[in-house]
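Next comes entry-v7.csv, a file with CSV, C-alpha atoms.
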```csv
chain,number,residue,atom,x,y,z
A,20,MET,CA,-44.6,34.0,-156.1
A,21,SER,CA,-46.2,31.4,-158.3
A,22,LEU,CA,-47.8,32.8,-161.4
A,23,LEU,CA,-49.7,29.7,-162.4
A,24,ALA,CA,-53.3,29.1,-162.9
A,25,LYS,CA,-54.1,27.7,-159.5
A,26,SER,CA,-52.1,30.3,-157.7
A,27,ASP,CA,-55.0,32.7,-157.9
A,28,ASN,CA,-57.6,29.9,-157.6
A,29,SER,CA,-58.6,30.0,-161.2
A,30,SER,CA,-60.5,26.9,-162.4
A,31,SER,CA,-61.0,27.6,-166.0
A,32,GLU,CA,-59.7,29.5,-168.9
A,33,ALA,CA,-60.4,30.4,-172.5
A,34,GLY,CA,-58.7,32.2,-175.3
A,35,LEU,CA,-57.6,32.4,-178.9
A,36,PHE,CA,-54.7,30.8,-180.6
A,37,TYR,CA,-52.8,30.7,-183.8
A,38,SER,CA,-51.3,27.5,-185.1
A,39,THR,CA,-49.9,25.7,-188.1
A,40,TRP,CA,-53.3,23.9,-188.5
A,41,GLY,CA,-55.2,27.2,-188.4
A,42,SER,CA,-56.4,29.7,-185.8
A,43,GLY,CA,-59.2,29.2,-183.4
A,44,VAL,CA,-60.5,29.2,-179.8
A,45,MET,CA,-59.4,27.1,-176.9
A,46,GLY,CA,-61.0,26.5,-173.5
A,47,GLY,CA,-60.0,24.4,-170.5
A,48,TYR,CA,-61.0,23.3,-167.0
A,49,TYR,CA,-58.5,22.6,-164.2
A,50,TYR,CA,-59.6,19.2,-162.9
A,51,THR,CA,-56.7,19.4,-160.4
A,52,ASN,CA,-53.8,21.6,-160.0
A,53,GLU,CA,-51.8,19.4,-162.4
A,54,ILE,CA,-54.5,18.3,-164.8
A,55,LEU,CA,-56.3,20.5,-167.3
A,56,LEU,CA,-59.1,19.1,-169.5
A,57,GLY,CA,-59.4,21.2,-172.7
A,58,GLY,CA,-60.8,21.5,-176.1
A,59,ASP,CA,-60.2,23.7,-179.1
A,60,PHE,CA,-61.5,24.4,-182.5
A,61,ALA,CA,-59.3,25.6,-185.4
A,62,SER,CA,-59.9,26.5,-189.0
A,63,GLY,CA,-57.6,27.7,-191.7
A,64,ASP,CA,-57.0,27.5,-195.4
A,65,THR,CA,-54.1,28.0,-197.7
A,66,SER,CA,-54.1,28.8,-201.4
A,67,THR,CA,-51.2,29.1,-203.7
A,68,GLU,CA,-50.8,30.2,-207.3
A,69,SER,CA,-47.6,29.9,-209.2
A,70,GLU,CA,-46.4,30.1,-212.8
A,71,GLY,CA,-44.5,27.4,-214.6
A,72,PRO,CA,-43.2,27.4,-218.1
A,73,GLY,CA,-46.5,28.0,-220.0
A,74,THR,CA,-48.6,26.8,-217.1
A,75,SER,CA,-50.4,28.0,-214.0
A,76,ILE,CA,-50.4,25.9,-210.9
A,77,LYS,CA,-53.2,26.5,-208.4
A,78,SER,CA,-53.8,24.8,-205.1
A,79,GLU,CA,-56.0,25.3,-202.1
A,80,SER,CA,-56.4,23.4,-198.8
A,81,THR,CA,-58.9,23.9,-196.0
A,82,PHE,CA,-58.5,22.7,-192.5
A,83,MET,CA,-61.1,22.4,-189.7
A,84,THR,CA,-60.0,20.7,-186.5
A,85,VAL,CA,-61.7,19.9,-183.2
A,86,ASN,CA,-59.4,18.7,-180.6
A,87,ALA,CA,-60.1,17.3,-177.1
A,88,PHE,CA,-57.1,16.8,-174.8
A,89,GLY,CA,-55.9,16.3,-171.4
A,90,ARG,CA,-52.9,18.2,-170.2
A,91,TYR,CA,-50.6,17.4,-167.3
A,92,TYR,CA,-48.5,20.2,-165.7
A,93,LEU,CA,-45.1,19.5,-164.2
A,94,ARG,CA,-45.6,21.9,-161.4
A,95,ASP,CA,-42.5,21.1,-159.3
A,96,LEU,CA,-39.7,20.8,-161.7
A,97,GLY,CA,-37.9,23.7,-160.2
A,98,ILE,CA,-36.8,25.3,-163.5
A,99,THR,CA,-40.2,26.6,-164.2
A,100,ASP,CA,-43.7,25.7,-163.1
A,101,GLY,CA,-45.5,25.9,-166.5
A,102,LEU,CA,-44.2,22.9,-168.5
A,103,PHE,CA,-46.8,20.5,-169.6
A,104,GLY,CA,-47.4,17.4,-171.7
A,105,GLN,CA,-50.7,16.8,-173.3
A,106,ALA,CA,-52.5,14.1,-175.4
A,107,GLY,CA,-55.9,13.9,-177.0
A,108,LEU,CA,-57.9,13.2,-180.1
A,109,ALA,CA,-58.3,15.5,-183.0
A,110,PHE,CA,-61.3,15.3,-185.4
A,111,ARG,CA,-60.2,16.7,-188.7
A,112,ASN,CA,-62.0,17.9,-191.8
A,113,TRP,CA,-59.1,18.6,-194.0
A,114,THR,CA,-59.2,18.6,-197.8
A,115,GLY,CA,-56.8,19.8,-200.5
A,116,LYS,CA,-56.9,20.1,-204.3
A,117,GLY,CA,-54.7,21.5,-207.0
A,118,SER,CA,-54.5,21.7,-210.8
A,119,ILE,CA,-52.0,22.6,-213.5
A,120,ILE,CA,-53.5,24.6,-216.3
A,121,ASP,CA,-52.1,25.3,-219.7
A,122,ASP,CA,-51.9,29.1,-220.1
A,123,ARG,CA,-52.5,29.1,-223.9
A,124,THR,CA,-55.6,26.9,-224.0
A,125,GLN,CA,-56.7,26.7,-220.4
A,126,ALA,CA,-56.8,23.0,-220.7
A,127,LYS,CA,-56.2,20.9,-217.6
A,128,ILE,CA,-52.7,19.3,-217.7
A,129,ALA,CA,-53.0,17.4,-214.4
A,130,SER,CA,-54.7,17.7,-211.1
A,131,ILE,CA,-54.5,16.4,-207.5
A,132,LYS,CA,-56.8,15.7,-204.6
A,133,ILE,CA,-55.8,15.2,-201.1
A,134,ASP,CA,-57.8,13.8,-198.2
A,135,TRP,CA,-56.8,13.3,-194.6
A,136,SER,CA,-58.2,10.8,-192.2
A,137,PRO,CA,-60.8,12.3,-189.9
A,138,VAL,CA,-59.4,11.2,-186.5
A,139,VAL,CA,-55.8,11.3,-185.2
A,140,ILE,CA,-54.1,11.2,-181.8
A,141,VAL,CA,-52.4,14.4,-181.0
A,142,THR,CA,-49.6,14.6,-178.4
A,143,GLY,CA,-47.5,17.5,-177.4
A,144,VAL,CA,-45.4,19.5,-175.0
A,145,GLY,CA,-45.5,23.2,-174.1
A,146,TRP,CA,-45.1,25.9,-171.7
A,147,HIS,CA,-47.9,27.9,-170.0
A,148,LYS,CA,-47.9,31.0,-167.9
A,149,VAL,CA,-50.8,32.7,-166.1
A,150,TRP,CA,-50.2,36.2,-164.7
A,151,GLY,CA,-51.9,37.3,-161.5
A,152,PHE,CA,-54.4,39.6,-163.3
A,153,GLY,CA,-55.7,36.6,-165.4
A,154,LEU,CA,-53.7,36.9,-168.7
A,155,SER,CA,-52.8,33.5,-169.9
A,156,PHE,CA,-50.2,32.6,-172.5
A,157,SER,CA,-48.9,29.3,-173.8
A,158,VAL,CA,-46.8,27.9,-176.6
A,159,ALA,CA,-46.9,24.3,-177.5
A,160,MET,CA,-45.6,21.9,-180.1
A,161,ASN,CA,-48.0,19.0,-181.0
A,162,ALA,CA,-47.6,16.1,-183.3
A,163,SER,CA,-50.3,13.9,-184.9
A,164,ILE,CA,-50.0,10.1,-184.7
A,165,GLY,CA,-52.1,7.4,-186.4
A,166,GLY,CA,-53.6,9.4,-189.2
A,167,SER,CA,-53.5,8.8,-192.9
A,168,ARG,CA,-53.4,10.9,-196.0
A,169,THR,CA,-54.5,9.9,-199.5
A,170,ILE,CA,-53.3,11.7,-202.6
A,171,GLU,CA,-55.0,11.1,-205.9
A,172,TYR,CA,-53.1,12.3,-209.0
A,173,THR,CA,-55.0,12.7,-212.3
A,174,GLU,CA,-52.9,13.0,-215.4
A,175,ASN,CA,-54.7,14.8,-218.3
A,176,MET,CA,-51.9,15.8,-220.6
A,177,HIS,CA,-48.7,15.3,-218.7
A,178,ARG,CA,-47.2,12.4,-216.6
A,179,LEU,CA,-46.3,13.8,-213.2
A,180,SER,CA,-42.7,13.0,-212.5
A,181,ASP,CA,-41.7,11.2,-209.3
A,182,SER,CA,-39.8,14.2,-208.1
A,183,MET,CA,-42.8,16.5,-208.6
A,184,LYS,CA,-44.9,14.0,-206.6
A,185,LYS,CA,-42.4,13.7,-203.8
A,186,ASP,CA,-42.2,17.5,-203.6
A,187,LEU,CA,-45.9,17.8,-203.3
A,188,GLU,CA,-46.2,15.0,-200.8
A,189,LYS,CA,-43.6,16.8,-198.6
A,190,LYS,CA,-45.4,20.2,-198.9
A,191,THR,CA,-48.8,18.8,-197.9
A,192,ASP,CA,-47.5,16.9,-194.8
A,193,TYR,CA,-48.3,18.6,-191.6
A,194,PRO,CA,-47.1,16.3,-188.9
A,195,THR,CA,-46.5,18.9,-186.3
A,196,ASN,CA,-48.5,21.8,-185.0
A,197,LEU,CA,-47.1,24.9,-183.3
A,198,VAL,CA,-49.7,26.5,-181.1
A,199,ILE,CA,-49.4,30.0,-179.7
A,200,TYR,CA,-52.2,30.8,-177.3
A,201,VAL,CA,-53.4,33.9,-175.5
A,202,GLY,CA,-56.4,33.8,-173.2
A,203,TYR,CA,-57.9,34.7,-169.8
A,204,SER,CA,-57.9,32.6,-166.7
A,205,PHE,CA,-61.0,32.8,-164.5
B,49,MET,CA,-38.8,11.3,-161.4
B,50,ILE,CA,-42.0,10.0,-162.9
B,51,LYS,CA,-42.7,13.5,-164.2
B,52,TYR,CA,-39.4,13.7,-166.0
B,53,ILE,CA,-40.1,10.4,-167.7
B,54,PHE,CA,-43.6,11.7,-168.6
B,55,LEU,CA,-42.0,14.8,-170.2
B,56,LEU,CA,-39.4,12.7,-172.0
B,57,PHE,CA,-42.2,10.4,-173.3
B,58,PHE,CA,-44.0,13.2,-175.0
B,59,SER,CA,-40.8,14.8,-176.4
B,60,ILE,CA,-39.9,11.5,-178.0
B,61,PHE,CA,-43.3,11.3,-179.5
B,62,LEU,CA,-42.9,14.7,-181.0
B,63,LEU,CA,-39.4,14.1,-182.3
B,64,SER,CA,-40.5,10.8,-183.9
B,65,GLY,CA,-42.5,13.0,-186.4
B,66,CYS,CA,-45.0,10.2,-187.1
B,67,GLY,CA,-47.3,12.3,-189.2
B,68,ASP,CA,-49.9,10.8,-191.5
B,69,GLU,CA,-49.4,7.5,-193.3
B,70,LEU,CA,-49.4,8.3,-197.0
B,71,SER,CA,-51.1,6.4,-199.8
B,72,THR,CA,-51.2,7.6,-203.4
B,73,SER,CA,-52.9,6.7,-206.6
B,74,THR,CA,-52.5,7.9,-210.1
B,75,THR,CA,-55.3,8.0,-212.7
B,76,ASP,CA,-54.6,8.4,-216.4
B,77,ASP,CA,-57.4,10.7,-217.6
B,78,SER,CA,-55.7,11.6,-220.9
B,79,ALA,CA,-57.6,11.2,-224.2
B,80,ASN,CA,-57.5,7.8,-225.8
B,81,ILE,CA,-57.0,8.9,-229.4
B,82,THR,CA,-58.8,6.9,-232.0
B,83,LYS,CA,-59.2,7.2,-235.7
B,84,SER,CA,-62.9,8.1,-235.3
B,85,LEU,CA,-62.0,10.8,-232.8
B,86,LEU,CA,-59.5,12.3,-235.3
B,87,THR,CA,-61.8,12.1,-238.3
B,88,GLY,CA,-62.9,15.6,-239.3
B,89,THR,CA,-61.3,19.0,-239.8
B,90,TRP,CA,-59.0,20.6,-237.3
B,91,THR,CA,-58.0,24.2,-237.8
B,92,ALA,CA,-55.2,26.2,-236.2
B,93,LYS,CA,-55.5,29.9,-235.4
B,94,CYS,CA,-53.9,32.4,-237.6
B,95,SER,CA,-50.2,32.6,-236.8
B,96,ASP,CA,-48.6,35.9,-237.6
B,97,ASN,CA,-45.0,36.7,-238.3
B,98,THR,CA,-44.6,40.4,-237.4
B,99,THR,CA,-41.0,40.5,-238.5
B,100,ALA,CA,-41.8,39.4,-242.1
B,101,SER,CA,-45.3,41.0,-242.0
B,102,THR,CA,-46.8,37.6,-243.1
B,103,SER,CA,-49.0,35.0,-241.5
B,104,SER,CA,-50.1,31.4,-242.0
B,105,LYS,CA,-52.9,29.1,-241.0
B,106,THR,CA,-52.9,25.3,-241.1
B,107,VAL,CA,-55.9,23.0,-241.5
B,108,LEU,CA,-55.8,19.3,-240.9
B,109,VAL,CA,-58.3,17.1,-242.6
B,110,PHE,CA,-58.5,13.6,-241.4
B,111,TYR,CA,-60.7,11.4,-243.6
B,112,ALA,CA,-61.5,7.8,-243.9
B,113,SER,CA,-60.9,5.9,-247.1
B,114,GLY,CA,-62.1,2.4,-246.8
B,115,ASP,CA,-60.4,1.0,-243.7
B,116,ASN,CA,-57.7,3.6,-243.9
B,117,LEU,CA,-57.4,7.0,-242.3
B,118,ASN,CA,-55.8,9.7,-244.5
B,119,LEU,CA,-54.6,13.2,-243.6
B,120,ASN,CA,-54.3,16.3,-245.7
B,121,ALA,CA,-52.3,19.0,-243.8
B,122,THR,CA,-52.8,22.3,-245.6
B,123,THR,CA,-50.8,25.4,-244.6
B,124,THR,CA,-52.0,28.6,-246.3
B,125,ASN,CA,-49.4,31.4,-246.3
B,126,TYR,CA,-50.6,35.0,-246.4
B,127,SER,CA,-48.9,38.2,-247.4
B,128,ASP,CA,-50.4,40.1,-244.5
B,129,GLU,CA,-50.4,39.6,-240.7
B,130,SER,CA,-54.1,38.7,-240.4
B,131,CYS,CA,-54.5,35.7,-242.7
B,132,VAL,CA,-56.4,37.7,-245.4
B,133,THR,CA,-54.4,37.7,-248.7
B,134,GLN,CA,-53.2,34.3,-249.7
B,135,SER,CA,-49.7,34.0,-251.2
B,136,SER,CA,-49.2,30.2,-251.3
B,137,VAL,CA,-50.6,26.9,-250.2
B,138,PHE,CA,-48.4,24.1,-248.9
B,139,THR,CA,-50.1,20.7,-248.6
B,140,LYS,CA,-48.9,17.4,-247.1
B,141,LYS,CA,-50.9,14.4,-248.1
B,142,LEU,CA,-50.6,11.2,-246.1
B,143,ASN,CA,-52.5,8.0,-246.1
B,144,THR,CA,-52.7,4.7,-244.2
B,145,LEU,CA,-52.3,6.5,-240.9
B,146,GLU,CA,-51.7,4.1,-238.0
B,147,LEU,CA,-51.9,5.2,-234.4
B,148,GLY,CA,-49.4,3.7,-231.9
B,149,SER,CA,-50.0,3.2,-228.2
B,150,LYS,CA,-49.9,6.0,-225.7
B,151,THR,CA,-46.5,7.1,-224.5
B,152,THR,CA,-44.7,10.3,-223.4
B,153,THR,CA,-42.2,12.7,-224.7
B,154,SER,CA,-39.0,13.4,-222.8
B,155,GLN,CA,-40.9,16.4,-221.3
B,156,ASN,CA,-43.5,14.0,-219.9
B,157,GLN,CA,-46.2,15.1,-222.4
B,158,ILE,CA,-48.7,12.3,-223.0
B,159,ILE,CA,-48.8,11.6,-226.7
B,160,ASN,CA,-49.5,8.9,-229.3
B,161,LYS,CA,-47.0,8.1,-232.0
B,162,PHE,CA,-48.4,7.6,-235.5
B,163,THR,CA,-47.0,6.5,-238.9
B,164,ALA,CA,-48.3,7.2,-242.3
B,165,VAL,CA,-47.3,6.9,-246.0
B,166,VAL,CA,-46.5,10.0,-248.0
B,167,THR,CA,-48.9,10.4,-250.9
B,168,ASP,CA,-47.6,13.8,-252.1
B,169,ILE,CA,-46.3,17.1,-250.9
B,170,THR,CA,-47.2,20.1,-253.0
B,171,LEU,CA,-46.8,23.8,-253.1
B,172,GLU,CA,-49.2,26.1,-254.9
B,173,PRO,CA,-48.4,29.8,-255.5
B,174,LYS,CA,-51.6,31.9,-255.2
B,175,THR,CA,-50.4,35.0,-257.0
B,176,THR,CA,-48.4,35.7,-260.1
B,177,SER,CA,-45.8,37.7,-258.1
B,178,VAL,CA,-45.1,34.6,-255.9
B,179,SER,CA,-44.9,32.2,-258.9
B,180,THR,CA,-42.5,34.6,-260.7
B,181,SER,CA,-40.3,34.9,-257.6
B,182,LEU,CA,-40.2,31.1,-257.2
B,183,ASN,CA,-39.3,30.7,-260.9
B,184,LEU,CA,-36.6,33.4,-260.7
B,185,SER,CA,-35.0,31.6,-257.7
B,186,SER,CA,-35.6,28.1,-259.2
B,187,PHE,CA,-37.2,27.2,-255.9
B,188,CYS,CA,-36.8,23.5,-255.3
B,189,GLY,CA,-34.8,23.4,-258.5
B,190,LEU,CA,-38.0,24.0,-260.5
B,191,THR,CA,-39.0,26.7,-262.9
B,192,VAL,CA,-42.5,25.5,-263.6
B,193,TRP,CA,-44.3,27.5,-260.9
B,194,GLY,CA,-47.6,28.9,-262.0
B,195,SER,CA,-50.2,30.8,-260.0
B,196,GLY,CA,-53.0,28.5,-259.0
B,197,THR,CA,-51.0,25.4,-260.1
B,198,GLU,CA,-50.2,22.8,-257.5
B,199,THR,CA,-46.7,21.4,-258.0
B,200,SER,CA,-45.2,18.4,-256.2
B,201,VAL,CA,-42.1,19.1,-254.1
B,202,ALA,CA,-41.9,15.5,-252.7
B,203,GLY,CA,-38.3,14.3,-252.6
B,204,LEU,CA,-37.0,17.8,-253.3
B,205,THR,CA,-34.9,20.2,-251.3
B,206,CYS,CA,-36.5,23.6,-251.1
B,207,GLY,CA,-34.5,26.2,-249.3
B,208,SER,CA,-33.3,24.6,-246.0
B,209,ALA,CA,-36.0,21.9,-246.1
B,210,THR,CA,-35.8,18.5,-247.8
B,211,TYR,CA,-39.1,16.8,-248.2
B,212,LYS,CA,-39.9,13.1,-248.1
B,213,SER,CA,-40.5,11.3,-251.3
B,214,VAL,CA,-43.8,9.8,-252.4
B,215,ASN,CA,-44.4,6.4,-250.6
B,216,ASP,CA,-41.9,7.3,-247.9
B,217,SER,CA,-42.9,6.4,-244.3
B,218,TYR,CA,-43.9,9.4,-242.2
B,219,PHE,CA,-43.4,9.5,-238.5
B,220,ASP,CA,-45.1,11.9,-236.2
B,221,ILE,CA,-46.6,12.3,-232.7
B,222,ILE,CA,-50.0,13.7,-231.7
B,223,GLN,CA,-51.5,14.9,-228.4
B,224,MET,CA,-55.1,15.5,-227.7
B,225,ASN,CA,-56.4,17.3,-224.6
B,226,SER,CA,-58.6,15.3,-222.2
B,227,GLU,CA,-61.6,17.4,-223.2
B,228,LYS,CA,-60.9,16.4,-226.8
B,229,THR,CA,-61.2,19.9,-228.1
B,230,PHE,CA,-57.8,20.3,-229.7
B,231,ILE,CA,-54.8,18.4,-230.9
B,232,ARG,CA,-51.1,19.1,-231.3
B,233,LEU,CA,-48.6,17.5,-233.6
B,234,GLY,CA,-44.9,16.9,-233.3
B,235,ASN,CA,-42.1,19.2,-234.2
B,236,ILE,CA,-40.9,17.2,-237.3
B,237,THR,CA,-37.8,19.4,-237.5
B,238,ASN,CA,-36.6,17.9,-234.3
B,239,PRO,CA,-36.7,14.1,-234.8
B,240,ALA,CA,-35.1,11.5,-232.6
B,241,SER,CA,-33.0,8.6,-234.0
B,242,THR,CA,-36.3,6.6,-234.2
B,243,GLY,CA,-37.6,9.1,-236.7
B,244,TYR,CA,-40.4,10.4,-234.4
B,245,PRO,CA,-40.3,14.0,-233.3
B,246,LYS,CA,-38.9,14.5,-229.8
B,247,THR,CA,-41.2,17.4,-228.9
B,248,LEU,CA,-44.6,18.8,-229.7
B,249,TYR,CA,-45.3,22.1,-231.5
B,250,THR,CA,-47.1,24.5,-229.3
B,251,GLN,CA,-49.7,25.2,-232.0
B,252,GLU,CA,-53.2,23.7,-231.4
B,253,TYR,CA,-55.7,22.6,-233.9
B,254,TYR,CA,-59.3,22.9,-233.0
B,255,LYS,CA,-62.2,20.9,-234.4
```

Take the structure from the file and write it as structure tokens.
Amino acid sequence: MSLLAKSDNSSSEAGLFYSTWGSGVMGGYYYTNEILLGGDFASGDTSTESEGPGTSIKSESTFMTVNAFGRYYLRDLGITDGLFGQAGLAFRNWTGKGSIIDDRTQAKIASIKIDWSPVVIVTGVGWHKVWGFGLSFSVAMNASIGGSRTIEYTENMHRLSDSMKKDLEKKTDYPTNLVIYVGYSF
Amino acid sequence: MIKYIFLLFFSIFLLSGCGDELSTSTTDDSANITKSLLTGTWTAKCSDNTTASTSSKTVLVFYASGDNLNLNATTTNYSDESCVTQSSVFTKKLNTLELGSKTTTSQNQIINKFTAVVTDITLEPKTTSVSTSLNLSSFCGLTVWGSGTETSVAGLTCGSATYKSVNDSYFDIIQMNSEKTFIRLGNITNPASTGYPKTLYTQEYYK
């Protein structure tokens, strides 16, 4: 017995998801048995605070993403009926900032500001299952393509070393997005 | 078959890990230290030595004399832990202070080097008991210590410290925070082969 969306004549679905880029809501409409047109909204933030030798390092980032996508289901692969590939456009409002503060004087030692480009292409693959009573579950891995990121370093009392910059650049790169979705198909 | 290719296409996209193209910029927002910025009185907080039950406080006075910038660095030592009862005053007098360009220490602290000429280095006992003690130990090889009398120790070895002579060149480093509210000087007990201190003291002087 097929457990896929169209097997019970469902034409739409909606639900909640948790992802690397934040948590949010997702909805979709089955244009055909193989094609789903969907959209989602996610928001999230991260903040970190750590101690260095005589310094405090604080950072915070906020992510808001609206994503519109088309999804193609590989219905007749044989191994499973819920594999899909998807592609779409994500509209991002992502910002990040951080500072290094001298503990003794509270003077600013250095700071950073990160901006991400507002629009990127997002592609991905995943697996989706819909049970007969309407419960819908999917897991997907997406990747962004064509975006840009700008990091502005400001040095107040310290020169930031190349290794510190590389480390930060690595930590603030989010090229992939793991999405775990639970919803209802109707 | 087309569907397999379709899946493969997206998988390759994912594995390529394109991510966001990165561009970076670095702005130097550190203070540009000038003679006019330095001119004035900069005072450190009272620094206590709980082991010896003493304390000290240093005041830096930068002042102009003609086209020159001079510096009097006065450290007052106290016989208590709260900078109340003076025991002695140590003063370093420098003139013709010249600021070098901005550079960094080995710890990446943004600093300016500066040079000056030693005018005098003096020690003044503030109580009779201190002057008596200094005379008894022939401190700096001298037995002329008197309470309230400033005596030059330039060029002398006093305890573990040997002081520069009058007219010697003096090398130091200075850091100012970008809000220009405090400065730090170099740890002159830790000089590099160039004569300049390698590191900064952690003590701040506020204007």

Inset, instruction - Check the smallest atom-to-atom distance from each of B:Thr152, B:Ser130, B:Leu70, B:Ser179 to Ser95 in chain B using all atoms listed in the file, then report the winner. - result: B:Ser130

Inset, instruction - Identify every residue of chain A that has at least one atom within 6 Å of any atom of chain B, counting only C-alpha atoms, and report the result as a ChimeraX atom specification. - result: /A:162-164,166-178,194

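As for CA of Cys94 in chain B and CA of Tyr249 in chain B, they are spaced 14.7 Å apart.
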
Inset, instruction - Measure the distance from CA of Val137 in chain B to CA of Val107 in chain B in Å and round it to one decimal. - result: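 Atom-to-atom, CA of Val137 in chain B and CA of Val107 in chain B are spaced 10.9 Å apart.
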
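Minimum atom-to-atom distances from B:Thr167, B:Thr99, B:Thr122, B:Thr176 to Ser135 in chain B were compared using only C-alpha atoms, and the lowest value belongs to B:Thr176.
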
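Our summary of the geometry notes that CA of Ile199 in chain A is positioned 24.5 Å from CA of Ser136 in chain A.
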
Legend entry - Residue neighbourhood range 88-92 of chain B, 6 Å, all atoms listed in the file, exclusion window fewer than 2 positions, as a list in words: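 In the requested form, the answer reads Thr106, Val107, Leu108, Val109, Phe110, Glu252, Tyr253, Tyr254 and Lys255 of chain B.
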
Legend entry - Pick from B:Val165, B:Ala240, B:Leu184, B:Leu145 nearest to Lys212 in chain B, counting all atoms listed in the file: B:Val165

Legend entry - Selected residue, from A:Tyr49, A:Phe156, A:Trp135, A:Tyr92, that lies nearest to Asp192 in chain A when counting only C-alpha atoms: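 With only C-alpha atoms as the atom set, the closest residue is A:Trp135.
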
Inset, instruction - Fewer than 4 positions away in the same chain doesn't count, so skip those; otherwise give me all residues within 12 Å of Thr199 in chain B, counting only C-alpha atoms, as JSON, numbers by chain. - result: {"B": [136, 137, 138, 139, 140, 168, 169, 170, 171, 172, 173, 174, 179, 182, 187, 188, 190, 191, 192, 193, 194, 195, 204]}

Could you write those residues out with C-alpha atoms, as a PDB file, in the coordinates of the input?
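What follows is the written file selection.pdb:
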```pdb
ATOM      1  CA  SER B 136     -49.200  30.200-251.300  1.00  0.00           C
ATOM      2  CA  VAL B 137     -50.600  26.900-250.200  1.00  0.00           C
ATOM      3  CA  PHE B 138     -48.400  24.100-248.900  1.00  0.00           C
ATOM      4  CA  THR B 139     -50.100  20.700-248.600  1.00  0.00           C
ATOM      5  CA  LYS B 140     -48.900  17.400-247.100  1.00  0.00           C
ATOM      6  CA  ASP B 168     -47.600  13.800-252.100  1.00  0.00           C
ATOM      7  CA  ILE B 169     -46.300  17.100-250.900  1.00  0.00           C
ATOM      8  CA  THR B 170     -47.200  20.100-253.000  1.00  0.00           C
ATOM      9  CA  LEU B 171     -46.800  23.800-253.100  1.00  0.00           C
ATOM     10  CA  GLU B 172     -49.200  26.100-254.900  1.00  0.00           C
ATOM     11  CA  PRO B 173     -48.400  29.800-255.500  1.00  0.00           C
ATOM     12  CA  LYS B 174     -51.600  31.900-255.200  1.00  0.00           C
ATOM     13  CA  SER B 179     -44.900  32.200-258.900  1.00  0.00           C
ATOM     14  CA  LEU B 182     -40.200  31.100-257.200  1.00  0.00           C
ATOM     15  CA  PHE B 187     -37.200  27.200-255.900  1.00  0.00           C
ATOM     16  CA  CYS B 188     -36.800  23.500-255.300  1.00  0.00           C
ATOM     17  CA  LEU B 190     -38.000  24.000-260.500  1.00  0.00           C
ATOM     18  CA  THR B 191     -39.000  26.700-262.900  1.00  0.00           C
ATOM     19  CA  VAL B 192     -42.500  25.500-263.600  1.00  0.00           C
ATOM     20  CA  TRP B 193     -44.300  27.500-260.900  1.00  0.00           C
ATOM     21  CA  GLY B 194     -47.600  28.900-262.000  1.00  0.00           C
ATOM     22  CA  SER B 195     -50.200  30.800-260.000  1.00  0.00           C
ATOM     23  CA  LEU B 204     -37.000  17.800-253.300  1.00  0.00           C
TER      24      LEU B 204
END
```

Legend entry - Closest of A:Asn196, A:Leu93, A:Gly115, A:Ile120 to Gly143 in chain A - atom-to-atom distances counting all atoms listed in the file: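 Under the stated criterion, the closest residue is A:Asn196.
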
Inset, instruction - Skip Met45 in chain A itself and residues of its chain fewer than 5 positions away, then list as an MDAnalysis selection string all residues within 10 Å of it, counting all atoms listed in the file. - result: chainID A and resid 32:36 57:61 85:87 200:202

Set the distance at 8 Å and use all atoms listed in the file: which residues neighbour Thr81 in chain A once local chain neighbours fewer than 6 positions away are removed? I'd like the list as a short mmCIF file (atom, residue, chain, number, x, y, z; two decimals) with C-alpha atoms, in the frame of the given file.
```cif
data_model
loop_
_atom_site.label_atom_id
_atom_site.label_comp_id
_atom_site.auth_asym_id
_atom_site.auth_seq_id
_atom_site.Cartn_x
_atom_site.Cartn_y
_atom_site.Cartn_z
CA SER A 62 -59.90 26.50 -189.00
CA GLY A 63 -57.60 27.70 -191.70
CA ASP A 64 -57.00 27.50 -195.40
CA THR A 65 -54.10 28.00 -197.70
CA ASN A 112 -62.00 17.90 -191.80
CA TRP A 113 -59.10 18.60 -194.00
CA THR A 114 -59.20 18.60 -197.80
CA GLY A 115 -56.80 19.80 -200.50
#
```

For range 150-156 of chain B, where the input has fewer atoms than it should, I would like N, CA and C atoms rebuilt and written as a compact mmCIF listing (two decimals), in the coordinates of the input.
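Final file, result-v4.txt:
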```
# COMPACT_ATOMS: atom_id res chain seq x y z
N LYS B 150 -50.17 4.77 -226.44
CA LYS B 150 -49.90 6.00 -225.70
C LYS B 150 -48.52 5.95 -225.08
N THR B 151 -47.81 7.04 -225.15
CA THR B 151 -46.50 7.10 -224.50
C THR B 151 -46.23 8.56 -224.13
N THR B 152 -45.00 8.88 -223.79
CA THR B 152 -44.70 10.30 -223.40
C THR B 152 -43.46 10.78 -224.08
N THR B 153 -43.38 12.09 -224.19
CA THR B 153 -42.20 12.70 -224.70
C THR B 153 -41.17 12.82 -223.53
N SER B 154 -39.96 13.27 -223.83
CA SER B 154 -39.00 13.40 -222.80
C SER B 154 -39.40 14.51 -221.77
N GLN B 155 -40.38 15.34 -222.19
CA GLN B 155 -40.90 16.40 -221.30
C GLN B 155 -42.16 15.91 -220.56
N ASN B 156 -42.40 14.59 -220.60
CA ASN B 156 -43.50 14.00 -219.90
C ASN B 156 -44.90 14.33 -220.49
```
